[in-house]
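K.L.:
One file is attached below, upload34.csv, containing CSV, N, CA, C and O atoms.
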```
chain,number,residue,atom,x,y,z
M,184,SER,N,17.0,4.7,3.6
M,184,SER,CA,16.0,5.8,3.8
M,184,SER,C,15.1,5.5,5.0
M,184,SER,O,14.9,4.3,5.3
M,185,GLU,N,14.5,6.5,5.5
M,185,GLU,CA,13.7,6.3,6.7
M,185,GLU,C,12.2,6.2,6.3
M,185,GLU,O,11.3,6.6,7.1
M,186,GLN,N,12.0,5.8,5.1
M,186,GLN,CA,10.6,5.7,4.6
M,186,GLN,C,9.8,4.6,5.3
M,186,GLN,O,10.4,3.5,5.5
M,187,ALA,N,8.6,4.8,5.6
M,187,ALA,CA,7.8,3.7,6.1
M,187,ALA,C,7.5,2.7,5.0
M,187,ALA,O,7.7,3.0,3.9
M,188,ALA,N,7.0,1.6,5.4
M,188,ALA,CA,6.6,0.5,4.5
M,188,ALA,C,5.5,1.1,3.6
M,188,ALA,O,4.7,1.9,4.0
M,189,PHE,N,5.5,0.6,2.3
M,189,PHE,CA,4.4,1.1,1.4
M,189,PHE,C,3.9,-0.1,0.6
M,189,PHE,O,4.5,-1.2,0.6
M,190,SER,N,2.7,0.0,0.0
M,190,SER,CA,2.1,-1.1,-0.7
M,190,SER,C,2.3,-1.0,-2.2
M,190,SER,O,2.2,0.1,-2.8
M,191,VAL,N,2.6,-2.1,-2.8
M,191,VAL,CA,2.8,-2.2,-4.2
M,191,VAL,C,1.9,-3.4,-4.6
M,191,VAL,O,2.3,-4.6,-4.3
M,192,GLY,N,0.8,-3.2,-5.3
M,192,GLY,CA,-0.1,-4.3,-5.5
M,192,GLY,C,-0.5,-4.9,-4.2
M,192,GLY,O,-0.9,-4.2,-3.3
M,193,CYS,N,-0.4,-6.2,-4.1
M,193,CYS,CA,-0.8,-6.9,-2.9
M,193,CYS,C,0.4,-7.1,-1.9
M,193,CYS,O,0.3,-7.8,-0.9
M,194,TRP,N,1.5,-6.5,-2.3
M,194,TRP,CA,2.7,-6.6,-1.5
M,194,TRP,C,2.9,-5.4,-0.6
M,194,TRP,O,2.6,-4.3,-0.9
M,195,THR,N,3.5,-5.6,0.6
M,195,THR,CA,4.0,-4.5,1.4
M,195,THR,C,5.5,-4.5,1.3
M,195,THR,O,6.1,-5.5,1.6
M,196,VAL,N,6.0,-3.4,0.9
M,196,VAL,CA,7.5,-3.3,0.7
M,196,VAL,C,8.1,-2.5,1.9
M,196,VAL,O,7.6,-1.5,2.3
M,197,ASP,N,9.1,-3.1,2.5
M,197,ASP,CA,9.8,-2.5,3.6
M,197,ASP,C,11.2,-2.2,3.0
M,197,ASP,O,12.1,-3.1,3.1
M,198,ASP,N,11.5,-1.0,2.5
M,198,ASP,CA,12.8,-0.8,1.8
M,198,ASP,C,13.9,-0.7,2.8
M,198,ASP,O,15.1,-0.9,2.5
M,199,SER,N,13.6,-0.5,4.1
M,199,SER,CA,14.7,-0.4,5.1
M,199,SER,C,15.3,-1.8,5.3
M,199,SER,O,16.4,-2.0,5.7
M,200,ARG,N,14.4,-2.9,5.1
M,200,ARG,CA,14.9,-4.2,5.2
M,200,ARG,C,15.0,-5.0,3.9
M,200,ARG,O,15.3,-6.2,3.9
M,201,ASN,N,14.8,-4.3,2.8
M,201,ASN,CA,14.9,-4.9,1.5
M,201,ASN,C,14.1,-6.1,1.4
M,201,ASN,O,14.6,-7.2,1.1
M,202,GLN,N,12.8,-5.9,1.7
M,202,GLN,CA,11.9,-7.1,1.8
M,202,GLN,C,10.5,-6.7,1.3
M,202,GLN,O,10.1,-5.6,1.5
M,203,ALA,N,9.9,-7.6,0.6
M,203,ALA,CA,8.4,-7.5,0.3
M,203,ALA,C,7.7,-8.6,0.9
M,203,ALA,O,8.2,-9.8,0.9
M,204,SER,N,6.5,-8.4,1.4
M,204,SER,CA,5.8,-9.5,2.1
M,204,SER,C,4.3,-9.3,1.7
M,204,SER,O,3.8,-8.3,1.4
M,205,ARG,N,3.6,-10.5,1.7
M,205,ARG,CA,2.2,-10.5,1.6
M,205,ARG,C,1.7,-11.8,2.2
M,205,ARG,O,2.2,-12.8,2.1
M,206,GLN,N,0.6,-11.6,3.0
M,206,GLN,CA,-0.1,-12.8,3.6
M,206,GLN,C,1.0,-13.7,4.3
M,206,GLN,O,0.9,-14.9,4.1
M,207,GLY,N,1.9,-13.1,5.0
M,207,GLY,CA,2.8,-13.9,5.8
M,207,GLY,C,4.0,-14.5,5.0
M,207,GLY,O,4.9,-15.1,5.6
M,208,GLU,N,4.0,-14.2,3.7
M,208,GLU,CA,5.1,-14.7,2.9
M,208,GLU,C,6.0,-13.5,2.6
M,208,GLU,O,5.6,-12.5,2.2
M,209,ALA,N,7.3,-13.7,2.8
M,209,ALA,CA,8.3,-12.6,2.6
M,209,ALA,C,9.3,-13.0,1.5
M,209,ALA,O,9.6,-14.1,1.3
M,210,VAL,N,9.6,-12.0,0.7
M,210,VAL,CA,10.6,-12.2,-0.4
M,210,VAL,C,11.7,-11.2,-0.2
M,210,VAL,O,11.5,-10.0,0.1
M,211,GLU,N,13.0,-11.7,-0.3
M,211,GLU,CA,14.1,-10.8,-0.1
M,211,GLU,C,14.3,-10.0,-1.4
M,211,GLU,O,14.2,-10.6,-2.5
M,212,LEU,N,14.6,-8.7,-1.3
M,212,LEU,CA,14.9,-7.9,-2.4
M,212,LEU,C,16.4,-7.4,-2.4
M,212,LEU,O,16.9,-7.2,-1.3
M,213,SER,N,17.0,-7.3,-3.5
M,213,SER,CA,18.3,-6.7,-3.5
M,213,SER,C,18.1,-5.2,-3.2
M,213,SER,O,17.1,-4.6,-3.4
M,214,PRO,N,19.2,-4.5,-2.7
M,214,PRO,CA,19.0,-3.1,-2.5
M,214,PRO,C,18.6,-2.3,-3.7
M,214,PRO,O,17.8,-1.4,-3.7
M,215,ARG,N,19.1,-2.8,-4.9
M,215,ARG,CA,18.7,-2.1,-6.1
M,215,ARG,C,17.2,-2.4,-6.5
M,215,ARG,O,16.5,-1.5,-6.9
M,216,GLU,N,16.8,-3.6,-6.3
M,216,GLU,CA,15.4,-3.9,-6.5
M,216,GLU,C,14.5,-3.1,-5.6
M,216,GLU,O,13.4,-2.5,-6.0
M,217,SER,N,14.9,-2.9,-4.4
M,217,SER,CA,14.2,-2.1,-3.4
M,217,SER,C,14.1,-0.6,-3.9
M,217,SER,O,13.1,0.0,-3.9
M,218,ALA,N,15.3,-0.1,-4.4
M,218,ALA,CA,15.3,1.3,-4.9
M,218,ALA,C,14.5,1.5,-6.1
M,218,ALA,O,13.8,2.5,-6.3
M,219,ILE,N,14.4,0.4,-7.0
M,219,ILE,CA,13.5,0.5,-8.1
M,219,ILE,C,12.1,0.7,-7.7
M,219,ILE,O,11.3,1.5,-8.2
M,220,LEU,N,11.7,-0.1,-6.7
M,220,LEU,CA,10.3,-0.1,-6.2
M,220,LEU,C,10.0,1.3,-5.6
M,220,LEU,O,8.9,1.9,-5.7
M,221,VAL,N,10.9,1.8,-4.8
M,221,VAL,CA,10.8,3.1,-4.1
M,221,VAL,C,10.5,4.2,-5.2
M,221,VAL,O,9.6,5.0,-5.1
M,222,LEU,N,11.3,4.2,-6.2
M,222,LEU,CA,11.2,5.2,-7.3
M,222,LEU,C,9.9,5.0,-8.0
M,222,LEU,O,9.1,6.0,-8.2
M,223,LEU,N,9.5,3.8,-8.4
M,223,LEU,CA,8.3,3.6,-9.1
M,223,LEU,C,7.1,4.0,-8.2
M,223,LEU,O,6.1,4.6,-8.7
M,224,TYR,N,7.2,3.7,-6.9
M,224,TYR,CA,6.1,4.0,-6.0
M,224,TYR,C,6.0,5.5,-5.9
M,224,TYR,O,4.9,6.1,-5.9
M,225,SER,N,7.1,6.2,-5.8
M,225,SER,CA,7.0,7.7,-5.7
M,225,SER,C,6.4,8.4,-6.9
M,225,SER,O,5.9,9.5,-6.8
M,226,GLU,N,6.5,7.7,-8.0
M,226,GLU,CA,5.9,8.2,-9.3
M,226,GLU,C,4.7,7.4,-9.7
M,226,GLU,O,4.4,7.3,-10.9
M,227,ARG,N,4.0,6.7,-8.8
M,227,ARG,CA,3.0,5.8,-9.2
M,227,ARG,C,2.0,6.4,-10.1
M,227,ARG,O,1.6,7.5,-9.9
M,228,GLY,N,1.6,5.6,-11.1
M,228,GLY,CA,0.7,6.1,-12.1
M,228,GLY,C,1.4,6.8,-13.3
M,228,GLY,O,0.8,6.9,-14.3
M,229,ARG,N,2.6,7.2,-13.0
M,229,ARG,CA,3.4,7.9,-14.1
M,229,ARG,C,4.5,6.9,-14.6
M,229,ARG,O,4.9,6.1,-13.9
M,230,ILE,N,4.8,7.2,-15.9
M,230,ILE,CA,5.9,6.3,-16.5
M,230,ILE,C,7.3,6.8,-16.0
M,230,ILE,O,7.5,8.0,-16.1
M,231,VAL,N,8.1,5.9,-15.6
M,231,VAL,CA,9.5,6.2,-15.2
M,231,VAL,C,10.4,5.6,-16.3
M,231,VAL,O,10.4,4.4,-16.6
M,232,SER,N,11.2,6.5,-17.0
M,232,SER,CA,12.0,6.0,-18.1
M,232,SER,C,13.2,5.2,-17.6
M,232,SER,O,13.6,5.3,-16.4
M,233,ARG,N,13.7,4.4,-18.4
M,233,ARG,CA,14.9,3.6,-18.1
M,233,ARG,C,16.1,4.5,-17.7
M,233,ARG,O,16.9,4.2,-16.8
M,234,ARG,N,16.2,5.6,-18.5
M,234,ARG,CA,17.3,6.6,-18.2
M,234,ARG,C,17.2,7.1,-16.8
M,234,ARG,O,18.1,7.3,-16.1
M,235,ARG,N,15.9,7.4,-16.4
M,235,ARG,CA,15.7,8.0,-15.0
M,235,ARG,C,16.1,6.9,-14.0
M,235,ARG,O,16.6,7.2,-12.9
M,236,LEU,N,15.7,5.7,-14.2
M,236,LEU,CA,16.0,4.6,-13.3
M,236,LEU,C,17.6,4.5,-13.2
M,236,LEU,O,18.1,4.3,-12.1
M,237,LEU,N,18.2,4.5,-14.4
M,237,LEU,CA,19.7,4.5,-14.4
M,237,LEU,C,20.3,5.6,-13.6
M,237,LEU,O,21.2,5.4,-12.8
M,238,SER,N,19.8,6.8,-13.7
M,238,SER,CA,20.4,7.9,-13.0
M,238,SER,C,20.1,7.9,-11.5
M,238,SER,O,20.9,8.3,-10.7
M,239,GLN,N,18.8,7.5,-11.2
M,239,GLN,CA,18.5,7.5,-9.7
M,239,GLN,C,18.8,6.3,-9.0
M,239,GLN,O,19.1,6.3,-7.8
M,240,VAL,N,18.6,5.1,-9.6
M,240,VAL,CA,18.8,3.9,-8.9
M,240,VAL,C,20.3,3.5,-9.0
M,240,VAL,O,20.9,3.1,-8.0
M,241,TRP,N,20.9,3.6,-10.2
M,241,TRP,CA,22.3,3.2,-10.4
M,241,TRP,C,23.2,4.4,-10.1
M,241,TRP,O,24.4,4.2,-10.2
M,242,LYS,N,22.6,5.6,-9.9
M,242,LYS,CA,23.4,6.8,-9.7
M,242,LYS,C,24.4,7.1,-10.8
M,242,LYS,O,25.5,7.5,-10.6
M,243,LEU,N,23.9,6.9,-12.0
M,243,LEU,CA,24.8,7.1,-13.2
M,243,LEU,C,24.4,8.5,-13.8
M,243,LEU,O,23.2,8.7,-14.2
M,244,ASN,N,25.3,9.3,-14.0
M,244,ASN,CA,25.1,10.6,-14.6
M,244,ASN,C,25.1,10.6,-16.1
M,244,ASN,O,24.5,11.3,-16.8
M,245,ASN,N,26.0,9.6,-16.6
M,245,ASN,CA,26.1,9.5,-18.0
M,245,ASN,C,25.3,8.4,-18.5
M,245,ASN,O,25.8,7.5,-19.2
M,246,SER,N,24.0,8.3,-18.1
M,246,SER,CA,23.2,7.2,-18.4
M,246,SER,C,23.0,6.9,-19.9
M,246,SER,O,22.5,5.9,-20.3
M,247,GLU,N,23.3,7.9,-20.7
M,247,GLU,CA,23.1,7.7,-22.2
M,247,GLU,C,24.0,6.7,-22.7
M,247,GLU,O,23.7,6.0,-23.7
M,248,GLN,N,25.2,6.5,-22.0
M,248,GLN,CA,26.2,5.6,-22.5
M,248,GLN,C,26.0,4.2,-22.0
M,248,GLN,O,26.7,3.3,-22.4
M,249,ILE,N,25.0,4.0,-21.1
M,249,ILE,CA,24.9,2.7,-20.5
M,249,ILE,C,23.8,1.9,-21.2
M,249,ILE,O,22.8,2.5,-21.6
M,250,GLU,N,24.0,0.6,-21.3
M,250,GLU,CA,23.0,-0.3,-22.0
M,250,GLU,C,21.8,-0.4,-21.1
M,250,GLU,O,21.9,-0.8,-19.9
M,251,THR,N,20.6,0.0,-21.6
M,251,THR,CA,19.4,0.0,-20.8
M,251,THR,C,18.9,-1.4,-20.5
M,251,THR,O,18.0,-1.5,-19.7
M,252,ARG,N,19.4,-2.4,-21.2
M,252,ARG,CA,19.0,-3.7,-20.9
M,252,ARG,C,19.3,-4.1,-19.4
M,252,ARG,O,18.7,-5.0,-18.9
M,253,THR,N,20.3,-3.5,-18.8
M,253,THR,CA,20.6,-3.7,-17.4
M,253,THR,C,19.3,-3.4,-16.6
M,253,THR,O,19.0,-4.2,-15.7
M,254,VAL,N,18.6,-2.3,-16.9
M,254,VAL,CA,17.4,-2.0,-16.2
M,254,VAL,C,16.4,-3.1,-16.4
M,254,VAL,O,15.7,-3.6,-15.5
M,255,ASP,N,16.2,-3.5,-17.7
M,255,ASP,CA,15.2,-4.5,-18.0
M,255,ASP,C,15.4,-5.8,-17.3
M,255,ASP,O,14.5,-6.4,-16.8
M,256,MET,N,16.7,-6.2,-17.2
M,256,MET,CA,17.0,-7.4,-16.5
M,256,MET,C,16.7,-7.4,-15.0
M,256,MET,O,16.1,-8.3,-14.5
M,257,HIS,N,17.0,-6.2,-14.4
M,257,HIS,CA,16.6,-6.1,-13.0
M,257,HIS,C,15.1,-6.1,-12.8
M,257,HIS,O,14.6,-6.7,-11.8
M,258,VAL,N,14.4,-5.4,-13.7
M,258,VAL,CA,13.0,-5.3,-13.5
M,258,VAL,C,12.4,-6.7,-13.7
M,258,VAL,O,11.5,-7.1,-13.0
M,259,ALA,N,12.9,-7.4,-14.7
M,259,ALA,CA,12.4,-8.8,-15.0
M,259,ALA,C,12.6,-9.7,-13.7
M,259,ALA,O,11.7,-10.4,-13.4
M,260,LYS,N,13.7,-9.6,-13.1
M,260,LYS,CA,14.0,-10.4,-11.9
M,260,LYS,C,13.0,-10.0,-10.7
M,260,LYS,O,12.5,-10.8,-10.0
M,261,LEU,N,12.9,-8.7,-10.6
M,261,LEU,CA,12.0,-8.1,-9.6
M,261,LEU,C,10.6,-8.6,-9.8
M,261,LEU,O,9.8,-9.0,-8.9
M,262,ARG,N,10.2,-8.5,-11.1
M,262,ARG,CA,8.8,-8.9,-11.5
M,262,ARG,C,8.6,-10.4,-11.1
M,262,ARG,O,7.5,-10.8,-10.6
M,263,LYS,N,9.5,-11.2,-11.4
M,263,LYS,CA,9.4,-12.7,-11.1
M,263,LYS,C,9.2,-12.9,-9.6
M,263,LYS,O,8.4,-13.7,-9.2
M,264,LYS,N,9.9,-12.1,-8.8
M,264,LYS,CA,9.7,-12.2,-7.3
M,264,LYS,C,8.4,-11.8,-6.9
M,264,LYS,O,7.8,-12.3,-5.9
M,265,LEU,N,7.8,-10.8,-7.5
M,265,LEU,CA,6.5,-10.2,-7.1
M,265,LEU,C,5.3,-10.8,-7.8
M,265,LEU,O,4.2,-10.5,-7.5
M,266,ASP,N,5.6,-11.7,-8.8
M,266,ASP,CA,4.5,-12.2,-9.6
M,266,ASP,C,4.1,-13.6,-9.0
M,266,ASP,O,4.7,-14.6,-9.4
M,267,ARG,N,3.1,-13.6,-8.2
M,267,ARG,CA,2.7,-14.8,-7.6
M,267,ARG,C,1.5,-15.4,-8.3
M,267,ARG,O,1.3,-16.6,-8.2
M,268,ASP,N,0.7,-14.6,-8.9
M,268,ASP,CA,-0.6,-15.2,-9.5
M,268,ASP,C,-0.8,-14.6,-10.9
M,268,ASP,O,-1.9,-14.3,-11.4
M,269,GLY,N,0.4,-14.4,-11.6
M,269,GLY,CA,0.3,-13.9,-13.0
M,269,GLY,C,0.0,-12.4,-13.1
M,269,GLY,O,-0.2,-11.9,-14.2
M,270,SER,N,0.1,-11.7,-12.0
M,270,SER,CA,-0.1,-10.3,-12.1
M,270,SER,C,1.0,-9.5,-11.3
M,270,SER,O,1.0,-9.5,-10.1
M,271,SER,N,1.9,-9.0,-12.1
M,271,SER,CA,3.0,-8.2,-11.5
M,271,SER,C,2.4,-6.8,-11.4
M,271,SER,O,1.8,-6.3,-12.4
M,272,PRO,N,2.7,-6.1,-10.3
M,272,PRO,CA,2.3,-4.7,-10.3
M,272,PRO,C,3.1,-3.7,-11.2
M,272,PRO,O,2.7,-2.6,-11.4
M,273,ILE,N,4.2,-4.2,-11.7
M,273,ILE,CA,5.1,-3.4,-12.5
M,273,ILE,C,4.7,-3.6,-14.0
M,273,ILE,O,4.7,-4.7,-14.5
M,274,GLU,N,4.3,-2.5,-14.6
M,274,GLU,CA,3.8,-2.5,-16.0
M,274,GLU,C,4.9,-1.9,-16.9
M,274,GLU,O,5.5,-0.9,-16.6
M,275,THR,N,5.1,-2.6,-18.0
M,275,THR,CA,6.0,-2.1,-19.0
M,275,THR,C,5.3,-1.2,-20.0
M,275,THR,O,4.2,-1.6,-20.5
M,276,VAL,N,5.8,0.0,-20.3
M,276,VAL,CA,5.2,0.8,-21.3
M,276,VAL,C,6.2,0.8,-22.4
M,276,VAL,O,7.3,1.4,-22.3
M,277,ARG,N,5.8,0.2,-23.5
M,277,ARG,CA,6.7,-0.1,-24.6
M,277,ARG,C,7.4,1.2,-25.1
M,277,ARG,O,6.7,2.2,-25.4
M,278,GLY,N,8.7,1.1,-25.2
M,278,GLY,CA,9.5,2.2,-25.7
M,278,GLY,C,9.7,3.3,-24.7
M,278,GLY,O,10.3,4.3,-25.1
M,279,GLN,N,9.0,3.3,-23.6
M,279,GLN,CA,9.1,4.4,-22.7
M,279,GLN,C,9.6,4.1,-21.3
M,279,GLN,O,10.4,4.9,-20.8
M,280,GLY,N,9.3,3.0,-20.7
M,280,GLY,CA,9.8,2.7,-19.4
M,280,GLY,C,8.8,1.8,-18.6
M,280,GLY,O,8.2,1.0,-19.2
M,281,TYR,N,8.7,2.1,-17.4
M,281,TYR,CA,7.9,1.3,-16.5
M,281,TYR,C,7.0,2.2,-15.6
M,281,TYR,O,7.3,3.3,-15.3
M,282,ARG,N,5.9,1.6,-15.1
M,282,ARG,CA,5.1,2.3,-14.1
M,282,ARG,C,4.4,1.2,-13.2
M,282,ARG,O,4.2,0.1,-13.6
M,283,LEU,N,4.0,1.7,-12.0
M,283,LEU,CA,3.2,0.8,-11.2
M,283,LEU,C,1.8,0.9,-11.6
M,283,LEU,O,1.3,2.0,-11.7
M,284,SER,N,1.2,-0.2,-11.9
M,284,SER,CA,-0.2,-0.2,-12.3
M,284,SER,C,-1.1,-0.1,-11.0
M,284,SER,O,-0.7,-0.5,-10.0
```
Translate this structure into structure tokens?
P.N.:
Amino acid sequence: SEQAAFSVGCWTVDDSRNQASRQGEAVELSPRESAILVLLYSERGRIVSRRRLLSQVWKLNNSEQIETRTVDMHVAKLRKKLDRDGSSPIETVRGQGYRLS
């Protein structure tokens, strides 16, 4: 995508390079992790369901049949990469999905 870099918490995300950086430190993101952040950013403040993540990030139309733990595992890995001081910008909303805080 031709989107400019955007901010997530204290991170600057450059999805064209699959990278997040802050204060000179850069973290590599997988294309899927990048896509998760782009979607959460586009809906910032709103809850994004696991089903929506599956259909938009994984491009799955029959997301009902897919185990949503796949999403949780990817978000957990992404959170670990962005969690430098105990505060990940990605918030879990129990039973509903995720949102950027």
K.L.:
Given the choices M:Gly278, M:Ala187, M:Glu211, M:Asn201, which gets closest to Lys264 (chain M) if the distance is worked out from all atoms listed in the file?
P.N.:
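Closest to Lys264 (chain M), using all atoms listed in the file: M:Glu211.
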K.L.:
Do you know which residues are at most 9 Å from Arg262 (chain M) counting only C-alpha atoms, after dropping those on the same chain fewer than 4 positions away, and could you put them as a compact mmCIF listing (two decimals) with N, CA, C and O atoms, in the frame of the given file?
P.N.:
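part.txt, written as the output of this step:
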```
# COMPACT_ATOMS: atom_id res chain seq x y z
N HIS M 257 17.00 -6.20 -14.40
CA HIS M 257 16.60 -6.10 -13.00
C HIS M 257 15.10 -6.10 -12.80
O HIS M 257 14.60 -6.70 -11.80
N VAL M 258 14.40 -5.40 -13.70
CA VAL M 258 13.00 -5.30 -13.50
C VAL M 258 12.40 -6.70 -13.70
O VAL M 258 11.50 -7.10 -13.00
N ASP M 266 5.60 -11.70 -8.80
CA ASP M 266 4.50 -12.20 -9.60
C ASP M 266 4.10 -13.60 -9.00
O ASP M 266 4.70 -14.60 -9.40
N SER M 271 1.90 -9.00 -12.10
CA SER M 271 3.00 -8.20 -11.50
C SER M 271 2.40 -6.80 -11.40
O SER M 271 1.80 -6.30 -12.40
N PRO M 272 2.70 -6.10 -10.30
CA PRO M 272 2.30 -4.70 -10.30
C PRO M 272 3.10 -3.70 -11.20
O PRO M 272 2.70 -2.60 -11.40
N ILE M 273 4.20 -4.20 -11.70
CA ILE M 273 5.10 -3.40 -12.50
C ILE M 273 4.70 -3.60 -14.00
O ILE M 273 4.70 -4.70 -14.50
```
K.L.:
Hey, what's within 7 Å of region 222-230 of chain M if we count only C-alpha atoms and toss same-chain stuff fewer than 5 positions away? As a list of chain:residue names, please?
P.N.:
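Close residues of region 222-230 of chain M: M:Gly280, M:Tyr281, M:Arg282, M:Leu283, M:Ser284.
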K.L.:
Keeping only N, CA, C and O atoms, write those residues as an mmCIF file, keeping the file's coordinate frame.
P.N.:
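The file below, part_31.cif, is the result:
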```cif
data_model
loop_
_atom_site.group_PDB
_atom_site.id
_atom_site.type_symbol
_atom_site.label_atom_id
_atom_site.label_comp_id
_atom_site.auth_asym_id
_atom_site.auth_seq_id
_atom_site.Cartn_x
_atom_site.Cartn_y
_atom_site.Cartn_z
ATOM 1 N N GLY M 280 9.300 3.000 -20.700
ATOM 2 C CA GLY M 280 9.800 2.700 -19.400
ATOM 3 C C GLY M 280 8.800 1.800 -18.600
ATOM 4 O O GLY M 280 8.200 1.000 -19.200
ATOM 5 N N TYR M 281 8.700 2.100 -17.400
ATOM 6 C CA TYR M 281 7.900 1.300 -16.500
ATOM 7 C C TYR M 281 7.000 2.200 -15.600
ATOM 8 O O TYR M 281 7.300 3.300 -15.300
ATOM 9 N N ARG M 282 5.900 1.600 -15.100
ATOM 10 C CA ARG M 282 5.100 2.300 -14.100
ATOM 11 C C ARG M 282 4.400 1.200 -13.200
ATOM 12 O O ARG M 282 4.200 0.100 -13.600
ATOM 13 N N LEU M 283 4.000 1.700 -12.000
ATOM 14 C CA LEU M 283 3.200 0.800 -11.200
ATOM 15 C C LEU M 283 1.800 0.900 -11.600
ATOM 16 O O LEU M 283 1.300 2.000 -11.700
ATOM 17 N N SER M 284 1.200 -0.200 -11.900
ATOM 18 C CA SER M 284 -0.200 -0.200 -12.300
ATOM 19 C C SER M 284 -1.100 -0.100 -11.000
ATOM 20 O O SER M 284 -0.700 -0.500 -10.000
#
```
K.L.:
Mind checking DSSP for chain M and telling me the alpha helix (DSSP H) residues as a PyMOL selection string?
P.N.:
chain M and resi 214-225+233-239+252-265
K.L.:
Would you please extract all strand (DSSP E or B) residues from chain M, as assigned by DSSP on the backbone, and give them as a PyMOL selection string?
P.N.:
chain M and resi 189-191+194-197+202-205+208-211+231+273-276+280-283
K.L.:
Name the closest residue to Val191 (chain M) among the candidates M:Thr251, M:Ser270, M:Asn245, M:Ser213; distances are taken between atoms, counting only C-alpha atoms.
P.N.:
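Checking each of M:Thr251, M:Ser270, M:Asn245, M:Ser213 against Val191 (chain M), counting only C-alpha atoms, the winner is M:Ser270.
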K.L.:
Using only C-alpha atoms, find the one residue out of M:Lys242, M:Arg252, M:Arg233, M:Arg215 that sits nearest to Gln202 (chain M).
P.N.:
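Among the listed residues, M:Arg215 lies closest to Gln202 (chain M).
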K.L.:
Just the number, please: distance in Å from CA of Leu220 (chain M) to CA of Val196 (chain M), one decimal.
P.N.:
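Between these atoms lies a distance of 8.1 Å.
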K.L.:
In Å, rounded to a single decimal, give me how far CA of Ser190 (chain M) is from CA of Leu243 (chain M).
P.N.:
27.2 Å
K.L.:
One decimal, Å: what's the distance from atom N of Val210 (chain M) over to CA of Gln279 (chain M), could you say?
P.N.:
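Pair atom N of Val210 (chain M) / CA of Gln279 (chain M) returns 28.6 Å.
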K.L.:
If you count only N, CA, C and O atoms, which residues fall within 8 Å of Ala188 (chain M), apart from same-chain ones fewer than 4 positions away, as an mmCIF file with N, CA, C and O atoms, in the frame of the given file?
P.N.:
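Wrote it out as out-v9.cif, contents follow:
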```cif
data_model
loop_
_atom_site.group_PDB
_atom_site.id
_atom_site.type_symbol
_atom_site.label_atom_id
_atom_site.label_comp_id
_atom_site.auth_asym_id
_atom_site.auth_seq_id
_atom_site.Cartn_x
_atom_site.Cartn_y
_atom_site.Cartn_z
ATOM 1 N N TRP M 194 1.500 -6.500 -2.300
ATOM 2 C CA TRP M 194 2.700 -6.600 -1.500
ATOM 3 C C TRP M 194 2.900 -5.400 -0.600
ATOM 4 O O TRP M 194 2.600 -4.300 -0.900
ATOM 5 N N THR M 195 3.500 -5.600 0.600
ATOM 6 C CA THR M 195 4.000 -4.500 1.400
ATOM 7 C C THR M 195 5.500 -4.500 1.300
ATOM 8 O O THR M 195 6.100 -5.500 1.600
ATOM 9 N N VAL M 196 6.000 -3.400 0.900
ATOM 10 C CA VAL M 196 7.500 -3.300 0.700
ATOM 11 C C VAL M 196 8.100 -2.500 1.900
ATOM 12 O O VAL M 196 7.600 -1.500 2.300
ATOM 13 N N ASP M 197 9.100 -3.100 2.500
ATOM 14 C CA ASP M 197 9.800 -2.500 3.600
ATOM 15 C C ASP M 197 11.200 -2.200 3.000
ATOM 16 O O ASP M 197 12.100 -3.100 3.100
ATOM 17 N N ASP M 198 11.500 -1.000 2.500
ATOM 18 C CA ASP M 198 12.800 -0.800 1.800
ATOM 19 C C ASP M 198 13.900 -0.700 2.800
ATOM 20 O O ASP M 198 15.100 -0.900 2.500
ATOM 21 N N SER M 199 13.600 -0.500 4.100
ATOM 22 C CA SER M 199 14.700 -0.400 5.100
ATOM 23 C C SER M 199 15.300 -1.800 5.300
ATOM 24 O O SER M 199 16.400 -2.000 5.700
ATOM 25 N N GLN M 202 12.800 -5.900 1.700
ATOM 26 C CA GLN M 202 11.900 -7.100 1.800
ATOM 27 C C GLN M 202 10.500 -6.700 1.300
ATOM 28 O O GLN M 202 10.100 -5.600 1.500
#
```
K.L.:
For a quick check of understanding, using only C-alpha atoms, which of M:Arg234, M:Arg205, M:Arg277, M:Arg267 has the smallest distance to Cys193 (chain M)?
P.N.:
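With only C-alpha atoms as the atom set, the closest residue is M:Arg205.
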